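Asks: Sharing a structure below in structure tokens format, with a few things to ask.
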Amino acid sequence: MSPQEPQVIEAFKAWLVQNGARIHPDVQFEPVPSGFNVVAGSDVPADTTVVSIPFSLAITPDLSKVALKALFKGAAESHRLDTLSERQLVCTYVCMHQIARDAARGSQAGVLRHGPYIATLPSADKLRTPLHFNPAELEAFKGSNLYGATLDRQRDWQAEWEQCRAVVAAADPSWGEAFTWDRYLTASTYLSSRAFPSTVLSENPSLVTTPSSYPVLLPGIDALNHARAHPVSWVVSSKSATPSTVSSSSSESEPSISLVIHTVTPRGSELLNNYGPKPNAELTLGYGFSLANNPDDTIVLKIGGPSASHGGGKWEVGRAARGAEPVWEAVLAAVRAQNDEDDEDEDGEGEEGPSIEDELCAADMLAEMAQSLYDRLPPLPPANAAEMRPEVLQMLEHYLEGQRDILQSLIEFANAKEASALQRAREQGLHIVAEEDEEEE
């Protein structure tokens, strides 16, 4: 017999079914320090649909805006909701469940309808993304790209919060006072850690973010944790058929999104989703966890010069120098542009293509850049390790292992480019003099 689930979960499951969702009877929610894990109450066969929800149950920007306009009905400046981004609309909608839950214009009027879902989400003290780190924990990441990304995110989210708070305060000053940074940060973290791109709500569901996609929350589906390369399928159906193995009280025909797990899950084991390939930088920043020896780890490099426009001056390199070739081309183009400019100053014309000297200079520049980034990474163990929570220290270890491995592979890549250029020089009978040798002469 399965253990009794917490009352908040029983209420959530009942709410799901009442709103047309279908949830497998062996899906059980198990309390853990970070919130809830979803486990199998009995052996769950392969190719099982574990949860399915109608599109109308998803928290989308459009749903959020409609609800907020109804909540702010009568407010002279409710039109200012139109100035908010998709992210801001969803975050404000989530926040208002807590702020207006006791108000007649809120939950009693049925405007804010996702209360049972939001009640299951982890409290702020259980969140472990960098904006929830203590000062010592954040300081331990100083010198890494992730540290800078955290500061950028804090600046951006605080600007969003101030804009949203002004809109809420215009509708009701008391609500504006209750619309705190901590509340907005918590809602924003729910979105970064649980939302899926709106591309999943299409005929051919996809986890690929596009310029036109936006974040959506999928109650029930987003409860499952991530397992890399775990075989799952997202299935969109225009008809809500109700298999006998799935609980539902709705037979209405409405588009729905379902999660199918293709492996057997033994009783007591966790039922898992697959969020797609994600590096530890993204997992830590957005989700608050990391993977040991993550094959999908990357580092983002910023390079100026004439090639910067081909991707915003940013390139992503993975383990074993995966993706390093475009970086090499960018560095080589920058070196060549500088050398061509120098040649034109001397004789009025430059070479048509990169010379061996250009390649040697680019290889040296790339190796120095990678070594500089490597040397700037924070130490392990950090000096303040005693002030860090174990799970945060583990994220730091996983993240730095990946960054060091990638940068070392990039240095080796640059050295290989240098060796190749030197070999061609020898084949052409050219004598290459190193800069340090010139200085000695």
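Chains: A, B, ... in order of the structure tokens. Residues: from 1 per chain. Ligands: from 1, in order shown.
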Taking 5 positions as the minimum chain separation for residues in the same chain, which residues sit within 12 Å of A:Arg183 when counting only C-alpha atoms? Answer as a PyMOL selection string.
Replies: chain A and resi 91-99+123-125+157-158+161+164-165+175-178+188-190
Asks: Apply DSSP to the backbone of this structure and, from stretch 222-338 of chain A, keep only the residues in strand (DSSP E or B); write these as a PyMOL selection string.
Replies: chain A and resi 225-226+232-237+247+256-261+265+270+272-273+298-302+314-318
Asks: Kindly save the residues from that selection, with N, CA and C atoms included, as a PDB file, in the first residue's frame.
Replies:
```
ATOM      1  N   ASN A 225      11.836  15.526 -11.970  1.00  0.00           N
ATOM      2  CA  ASN A 225      13.210  15.998 -12.060  1.00  0.00           C
ATOM      3  C   ASN A 225      13.876  15.541 -13.351  1.00  0.00           C
ATOM      4  N   HIS A 226      15.056  16.089 -13.600  1.00  0.00           N
ATOM      5  CA  HIS A 226      15.788  15.866 -14.844  1.00  0.00           C
ATOM      6  C   HIS A 226      16.765  14.700 -14.738  1.00  0.00           C
ATOM      7  N   VAL A 232      12.273   9.881 -22.987  1.00  0.00           N
ATOM      8  CA  VAL A 232      10.890  10.311 -22.765  1.00  0.00           C
ATOM      9  C   VAL A 232      10.361  10.899 -24.074  1.00  0.00           C
ATOM     10  N   SER A 233       9.061  11.017 -24.164  1.00  0.00           N
ATOM     11  CA  SER A 233       8.423  11.678 -25.307  1.00  0.00           C
ATOM     12  C   SER A 233       7.390  12.668 -24.810  1.00  0.00           C
ATOM     13  N   TRP A 234       7.293  13.771 -25.546  1.00  0.00           N
ATOM     14  CA  TRP A 234       6.218  14.734 -25.344  1.00  0.00           C
ATOM     15  C   TRP A 234       5.190  14.461 -26.438  1.00  0.00           C
ATOM     16  N   VAL A 235       3.966  14.200 -26.047  1.00  0.00           N
ATOM     17  CA  VAL A 235       2.934  13.837 -27.018  1.00  0.00           C
ATOM     18  C   VAL A 235       1.785  14.834 -26.922  1.00  0.00           C
ATOM     19  N   VAL A 236       1.471  15.457 -28.035  1.00  0.00           N
ATOM     20  CA  VAL A 236       0.343  16.388 -28.098  1.00  0.00           C
ATOM     21  C   VAL A 236      -0.822  15.680 -28.768  1.00  0.00           C
ATOM     22  N   SER A 237      -1.971  15.730 -28.118  1.00  0.00           N
ATOM     23  CA  SER A 237      -3.169  15.098 -28.652  1.00  0.00           C
ATOM     24  C   SER A 237      -4.287  16.124 -28.725  1.00  0.00           C
ATOM     25  N   SER A 247      -6.075   8.413 -14.220  1.00  0.00           N
ATOM     26  CA  SER A 247      -7.207   9.028 -13.526  1.00  0.00           C
ATOM     27  C   SER A 247      -7.644  10.289 -14.245  1.00  0.00           C
ATOM     28  N   SER A 256      -4.120  18.464 -25.527  1.00  0.00           N
ATOM     29  CA  SER A 256      -3.429  18.151 -24.285  1.00  0.00           C
ATOM     30  C   SER A 256      -1.972  17.824 -24.578  1.00  0.00           C
ATOM     31  N   ILE A 257      -1.133  17.985 -23.567  1.00  0.00           N
ATOM     32  CA  ILE A 257       0.276  17.654 -23.652  1.00  0.00           C
ATOM     33  C   ILE A 257       0.551  16.550 -22.636  1.00  0.00           C
ATOM     34  N   SER A 258       1.192  15.479 -23.078  1.00  0.00           N
ATOM     35  CA  SER A 258       1.436  14.321 -22.216  1.00  0.00           C
ATOM     36  C   SER A 258       2.923  14.015 -22.147  1.00  0.00           C
ATOM     37  N   LEU A 259       3.351  13.458 -21.010  1.00  0.00           N
ATOM     38  CA  LEU A 259       4.726  13.006 -20.844  1.00  0.00           C
ATOM     39  C   LEU A 259       4.729  11.487 -20.772  1.00  0.00           C
ATOM     40  N   VAL A 260       5.464  10.864 -21.693  1.00  0.00           N
ATOM     41  CA  VAL A 260       5.561   9.406 -21.760  1.00  0.00           C
ATOM     42  C   VAL A 260       6.992   9.009 -21.406  1.00  0.00           C
ATOM     43  N   ILE A 261       7.138   8.087 -20.441  1.00  0.00           N
ATOM     44  CA  ILE A 261       8.460   7.587 -20.053  1.00  0.00           C
ATOM     45  C   ILE A 261       8.657   6.218 -20.692  1.00  0.00           C
ATOM     46  N   THR A 265      10.092   1.840 -14.629  1.00  0.00           N
ATOM     47  CA  THR A 265      10.455   2.479 -13.374  1.00  0.00           C
ATOM     48  C   THR A 265      10.011   1.582 -12.226  1.00  0.00           C
ATOM     49  N   GLU A 270      12.490   6.923  -8.635  1.00  0.00           N
ATOM     50  CA  GLU A 270      12.003   8.228  -9.070  1.00  0.00           C
ATOM     51  C   GLU A 270      11.601   8.193 -10.543  1.00  0.00           C
ATOM     52  N   LEU A 272      11.353  10.169 -13.857  1.00  0.00           N
ATOM     53  CA  LEU A 272      12.199  11.276 -14.292  1.00  0.00           C
ATOM     54  C   LEU A 272      11.829  11.777 -15.681  1.00  0.00           C
ATOM     55  N   ASN A 273      12.080  13.042 -15.885  1.00  0.00           N
ATOM     56  CA  ASN A 273      11.892  13.709 -17.161  1.00  0.00           C
ATOM     57  C   ASN A 273      13.262  13.929 -17.795  1.00  0.00           C
ATOM     58  N   THR A 298      29.774  23.477 -21.287  1.00  0.00           N
ATOM     59  CA  THR A 298      30.331  24.425 -22.255  1.00  0.00           C
ATOM     60  C   THR A 298      30.885  25.638 -21.515  1.00  0.00           C
ATOM     61  N   ILE A 299      31.655  26.428 -22.243  1.00  0.00           N
ATOM     62  CA  ILE A 299      32.065  27.742 -21.757  1.00  0.00           C
ATOM     63  C   ILE A 299      31.797  28.735 -22.869  1.00  0.00           C
ATOM     64  N   VAL A 300      31.317  29.921 -22.519  1.00  0.00           N
ATOM     65  CA  VAL A 300      31.028  30.953 -23.508  1.00  0.00           C
ATOM     66  C   VAL A 300      32.221  31.902 -23.578  1.00  0.00           C
ATOM     67  N   LEU A 301      32.735  32.110 -24.789  1.00  0.00           N
ATOM     68  CA  LEU A 301      33.870  32.994 -25.018  1.00  0.00           C
ATOM     69  C   LEU A 301      33.411  34.225 -25.771  1.00  0.00           C
ATOM     70  N   LYS A 302      33.921  35.385 -25.384  1.00  0.00           N
ATOM     71  CA  LYS A 302      33.595  36.634 -26.065  1.00  0.00           C
ATOM     72  C   LYS A 302      34.844  37.126 -26.793  1.00  0.00           C
ATOM     73  N   LYS A 314      30.077  36.095 -29.464  1.00  0.00           N
ATOM     74  CA  LYS A 314      30.096  35.045 -28.442  1.00  0.00           C
ATOM     75  C   LYS A 314      30.128  33.677 -29.105  1.00  0.00           C
ATOM     76  N   TRP A 315      30.966  32.809 -28.567  1.00  0.00           N
ATOM     77  CA  TRP A 315      31.057  31.441 -29.069  1.00  0.00           C
ATOM     78  C   TRP A 315      31.024  30.482 -27.898  1.00  0.00           C
ATOM     79  N   GLU A 316      30.421  29.330 -28.117  1.00  0.00           N
ATOM     80  CA  GLU A 316      30.283  28.320 -27.075  1.00  0.00           C
ATOM     81  C   GLU A 316      31.157  27.116 -27.423  1.00  0.00           C
ATOM     82  N   VAL A 317      32.028  26.753 -26.497  1.00  0.00           N
ATOM     83  CA  VAL A 317      32.941  25.629 -26.702  1.00  0.00           C
ATOM     84  C   VAL A 317      32.651  24.571 -25.644  1.00  0.00           C
ATOM     85  N   GLY A 318      32.647  23.301 -26.077  1.00  0.00           N
ATOM     86  CA  GLY A 318      32.377  22.207 -25.156  1.00  0.00           C
ATOM     87  C   GLY A 318      33.609  21.372 -24.880  1.00  0.00           C
TER      88      GLY A 318
END
```
Asks: Leaving out A:Ser206 and any residue of its chain fewer than 3 positions from it, which residues lie within 12 Å of it when counting only C-alpha atoms, given as number ranges by chain?
Replies: A: 196-203, 209-210, 213, 233-236, 257, 274-276
Asks: Find the spatial neighbours of A:Arg404, counting only C-alpha atoms, within a cut-off of 10 Å - ignore same-chain residues fewer than 6 positions away - and output them as a PyMOL selection string.
Replies: chain A and resi 299+319+370-371+373-375+377+410
Asks: Name all residues at most 10 Å from A:Leu84 (count only C-alpha atoms; drop same-chain ones fewer than 6 positions away) and give them as a tab-separated table (two decimals) with C-alpha atoms, in the first residue's frame.
Replies:
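Contents of the output file out_3.tsv:
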```
chain	number	residue	atom	x	y	z
A	61	PRO	CA	1.64	34.86	-20.70
A	65	LYS	CA	-2.50	38.81	-18.66
A	90	VAL	CA	3.80	34.93	-15.62
A	92	THR	CA	3.36	38.58	-11.56
A	160	GLU	CA	11.77	43.67	-14.06
A	163	GLN	CA	8.43	47.68	-13.28
A	164	CYS	CA	5.96	44.97	-12.20
A	167	VAL	CA	1.93	48.20	-12.22
```
Asks: Based on the backbone DSSP call, show me all residues of stretch 141-235 of chain A assigned helix (DSSP H, G or I), as a short mmCIF file (atom, residue, chain, number, x, y, z; two decimals) with N, CA, C and O atoms, in the first residue's frame.
Replies:
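Full text of states16.cif as output:
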```cif
data_model
loop_
_atom_site.label_atom_id
_atom_site.label_comp_id
_atom_site.auth_asym_id
_atom_site.auth_seq_id
_atom_site.Cartn_x
_atom_site.Cartn_y
_atom_site.Cartn_z
N ASN A 145 32.67 32.61 -15.29
CA ASN A 145 31.58 33.20 -16.07
C ASN A 145 30.27 33.16 -15.31
O ASN A 145 29.43 34.05 -15.43
N LEU A 146 30.08 32.12 -14.51
CA LEU A 146 28.83 31.96 -13.79
C LEU A 146 28.63 33.07 -12.76
O LEU A 146 27.49 33.51 -12.52
N TYR A 147 29.71 33.53 -12.17
CA TYR A 147 29.62 34.63 -11.20
C TYR A 147 29.10 35.89 -11.89
O TYR A 147 28.17 36.55 -11.41
N GLY A 148 29.68 36.22 -13.05
CA GLY A 148 29.21 37.39 -13.79
C GLY A 148 27.79 37.23 -14.27
O GLY A 148 27.00 38.19 -14.24
N ALA A 149 27.42 36.02 -14.70
CA ALA A 149 26.06 35.78 -15.17
C ALA A 149 25.05 35.95 -14.04
O ALA A 149 23.92 36.43 -14.26
N THR A 150 25.45 35.59 -12.83
CA THR A 150 24.56 35.76 -11.67
C THR A 150 24.30 37.23 -11.39
O THR A 150 23.16 37.64 -11.14
N LEU A 151 25.36 38.04 -11.44
CA LEU A 151 25.19 39.48 -11.20
C LEU A 151 24.33 40.11 -12.30
O LEU A 151 23.49 40.98 -12.01
N ASP A 152 24.54 39.66 -13.54
CA ASP A 152 23.73 40.19 -14.64
C ASP A 152 22.26 39.83 -14.44
O ASP A 152 21.37 40.66 -14.65
N ARG A 153 22.00 38.58 -14.03
CA ARG A 153 20.62 38.15 -13.82
C ARG A 153 19.97 38.93 -12.69
O ARG A 153 18.80 39.31 -12.79
N GLN A 154 20.71 39.16 -11.62
CA GLN A 154 20.14 39.92 -10.51
C GLN A 154 19.76 41.33 -10.95
O GLN A 154 18.68 41.83 -10.62
N ARG A 155 20.63 41.97 -11.72
CA ARG A 155 20.34 43.32 -12.21
C ARG A 155 19.10 43.32 -13.10
O ARG A 155 18.21 44.16 -12.95
N ASP A 156 19.03 42.36 -14.02
CA ASP A 156 17.91 42.30 -14.96
C ASP A 156 16.60 42.00 -14.24
O ASP A 156 15.56 42.63 -14.51
N TRP A 157 16.61 41.04 -13.33
CA TRP A 157 15.39 40.66 -12.63
C TRP A 157 14.92 41.76 -11.68
O TRP A 157 13.70 41.95 -11.52
N GLN A 158 15.85 42.48 -11.08
CA GLN A 158 15.43 43.57 -10.19
C GLN A 158 14.78 44.70 -10.99
O GLN A 158 13.82 45.32 -10.52
N ALA A 159 15.29 44.95 -12.18
CA ALA A 159 14.66 45.96 -13.05
C ALA A 159 13.25 45.51 -13.44
O ALA A 159 12.31 46.31 -13.46
N GLU A 160 13.10 44.21 -13.75
CA GLU A 160 11.77 43.67 -14.06
C GLU A 160 10.83 43.83 -12.88
O GLU A 160 9.67 44.24 -13.03
N TRP A 161 11.32 43.48 -11.69
CA TRP A 161 10.50 43.55 -10.48
C TRP A 161 10.00 44.96 -10.23
O TRP A 161 8.81 45.16 -9.91
N GLU A 162 10.87 45.94 -10.36
CA GLU A 162 10.47 47.33 -10.10
C GLU A 162 9.37 47.77 -11.06
O GLU A 162 8.43 48.47 -10.68
N GLN A 163 9.47 47.34 -12.31
CA GLN A 163 8.43 47.68 -13.28
C GLN A 163 7.11 46.99 -12.93
O GLN A 163 6.04 47.62 -12.98
N CYS A 164 7.18 45.71 -12.57
CA CYS A 164 5.96 44.97 -12.20
C CYS A 164 5.34 45.55 -10.93
O CYS A 164 4.11 45.68 -10.84
N ARG A 165 6.17 45.89 -9.96
CA ARG A 165 5.64 46.43 -8.70
C ARG A 165 4.89 47.73 -8.95
O ARG A 165 3.86 47.99 -8.33
N ALA A 166 5.40 48.56 -9.87
CA ALA A 166 4.72 49.82 -10.17
C ALA A 166 3.34 49.56 -10.75
O ALA A 166 2.37 50.25 -10.43
N VAL A 167 3.23 48.55 -11.61
CA VAL A 167 1.93 48.20 -12.22
C VAL A 167 0.98 47.69 -11.14
O VAL A 167 -0.20 48.07 -11.10
N VAL A 168 1.46 46.82 -10.26
CA VAL A 168 0.62 46.26 -9.19
C VAL A 168 0.19 47.35 -8.21
O VAL A 168 -0.97 47.42 -7.80
N ALA A 169 1.14 48.23 -7.85
CA ALA A 169 0.83 49.31 -6.89
C ALA A 169 -0.21 50.28 -7.46
O ALA A 169 -1.02 50.84 -6.73
N ALA A 170 -0.19 50.47 -8.78
CA ALA A 170 -1.17 51.35 -9.41
C ALA A 170 -2.58 50.77 -9.29
O ALA A 170 -3.57 51.51 -9.23
N ALA A 171 -2.66 49.45 -9.25
CA ALA A 171 -3.97 48.79 -9.10
C ALA A 171 -4.43 48.79 -7.65
O ALA A 171 -5.61 48.97 -7.36
N PRO A 173 -2.38 49.96 -3.84
CA PRO A 173 -1.15 50.29 -3.12
C PRO A 173 -0.73 49.22 -2.10
O PRO A 173 0.46 48.96 -1.93
N SER A 174 -1.69 48.58 -1.45
CA SER A 174 -1.34 47.55 -0.46
C SER A 174 -0.74 46.33 -1.14
O SER A 174 0.17 45.68 -0.60
N TRP A 175 -1.22 46.03 -2.33
CA TRP A 175 -0.63 44.94 -3.09
C TRP A 175 0.79 45.30 -3.52
O TRP A 175 1.68 44.46 -3.53
N GLY A 176 0.98 46.57 -3.89
CA GLY A 176 2.31 47.02 -4.27
C GLY A 176 3.32 46.85 -3.15
O GLY A 176 4.46 46.45 -3.37
N GLU A 177 2.88 47.15 -1.92
CA GLU A 177 3.77 46.97 -0.77
C GLU A 177 4.10 45.50 -0.54
O GLU A 177 5.22 45.15 -0.15
N ALA A 178 3.15 44.63 -0.80
CA ALA A 178 3.37 43.19 -0.60
C ALA A 178 4.13 42.54 -1.75
O ALA A 178 4.62 41.42 -1.62
N TRP A 181 10.69 42.11 -3.49
CA TRP A 181 11.74 41.51 -4.31
C TRP A 181 11.86 40.02 -4.03
O TRP A 181 12.01 39.23 -4.96
N ASP A 182 11.76 39.62 -2.77
CA ASP A 182 11.87 38.20 -2.44
C ASP A 182 10.78 37.39 -3.12
O ASP A 182 11.02 36.27 -3.60
N ARG A 183 9.56 37.93 -3.16
CA ARG A 183 8.46 37.22 -3.82
C ARG A 183 8.71 37.11 -5.32
O ARG A 183 8.50 36.05 -5.92
N TYR A 184 9.17 38.20 -5.92
CA TYR A 184 9.41 38.17 -7.36
C TYR A 184 10.57 37.25 -7.69
O TYR A 184 10.53 36.51 -8.69
N LEU A 185 11.61 37.26 -6.87
CA LEU A 185 12.75 36.38 -7.08
C LEU A 185 12.32 34.91 -7.02
O LEU A 185 12.74 34.10 -7.85
N THR A 186 11.48 34.59 -6.06
CA THR A 186 11.00 33.21 -5.93
C THR A 186 10.20 32.80 -7.17
O THR A 186 10.41 31.72 -7.74
N ALA A 187 9.30 33.67 -7.62
CA ALA A 187 8.50 33.36 -8.81
C ALA A 187 9.39 33.24 -10.05
O ALA A 187 9.19 32.35 -10.88
N SER A 188 10.38 34.11 -10.16
CA SER A 188 11.30 34.06 -11.29
C SER A 188 12.11 32.77 -11.29
O SER A 188 12.40 32.20 -12.35
N THR A 189 12.46 32.31 -10.09
CA THR A 189 13.21 31.05 -9.98
C THR A 189 12.33 29.87 -10.35
O THR A 189 12.80 28.91 -10.97
N TYR A 190 11.05 29.92 -9.98
CA TYR A 190 10.12 28.87 -10.44
C TYR A 190 10.14 28.81 -11.97
O TYR A 190 10.17 27.73 -12.57
N LEU A 191 10.14 29.98 -12.58
CA LEU A 191 10.09 30.02 -14.04
C LEU A 191 11.39 29.49 -14.66
O LEU A 191 11.36 28.73 -15.62
N SER A 192 12.54 29.89 -14.09
CA SER A 192 13.81 29.44 -14.67
C SER A 192 14.03 27.95 -14.45
O SER A 192 14.68 27.28 -15.27
N SER A 193 13.48 27.40 -13.37
CA SER A 193 13.76 26.00 -13.01
C SER A 193 12.67 25.03 -13.47
O SER A 193 12.92 23.81 -13.52
N ARG A 194 11.47 25.54 -13.79
CA ARG A 194 10.36 24.64 -14.09
C ARG A 194 9.71 24.87 -15.45
O ARG A 194 9.03 23.99 -15.97
N SER A 198 7.41 27.48 -25.04
CA SER A 198 6.05 27.32 -25.57
C SER A 198 6.00 26.43 -26.79
O SER A 198 4.92 26.00 -27.20
N THR A 199 7.17 26.09 -27.33
CA THR A 199 7.21 25.18 -28.49
C THR A 199 6.71 23.78 -28.13
O THR A 199 6.43 22.99 -29.04
N VAL A 200 6.60 23.45 -26.83
CA VAL A 200 6.04 22.13 -26.48
C VAL A 200 4.54 22.10 -26.73
O VAL A 200 3.96 21.02 -26.88
N ILE A 221 3.36 18.10 -14.97
CA ILE A 221 4.47 17.67 -15.82
C ILE A 221 5.79 18.21 -15.28
O ILE A 221 6.82 17.53 -15.28
N ASP A 222 5.77 19.47 -14.81
CA ASP A 222 7.02 20.08 -14.35
C ASP A 222 7.48 19.58 -12.99
O ASP A 222 8.51 20.01 -12.47
N ALA A 223 6.74 18.65 -12.38
CA ALA A 223 7.12 18.13 -11.07
C ALA A 223 8.25 17.11 -11.16
O ALA A 223 8.95 16.86 -10.18
#
```
Asks: Given only C-alpha atoms as the basis, pick out the residue of A:Leu71, A:Leu224, A:Val208, A:Ala324 nearest to A:Gly110.
Replies: A:Leu71
Asks: What separation in Å, quoted to one decimal, exists between atom CA of A:Asp172 and atom CA of A:Glu86?
Replies: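 Separation of atom CA of A:Asp172 and atom CA of A:Glu86: 21.7 Å.
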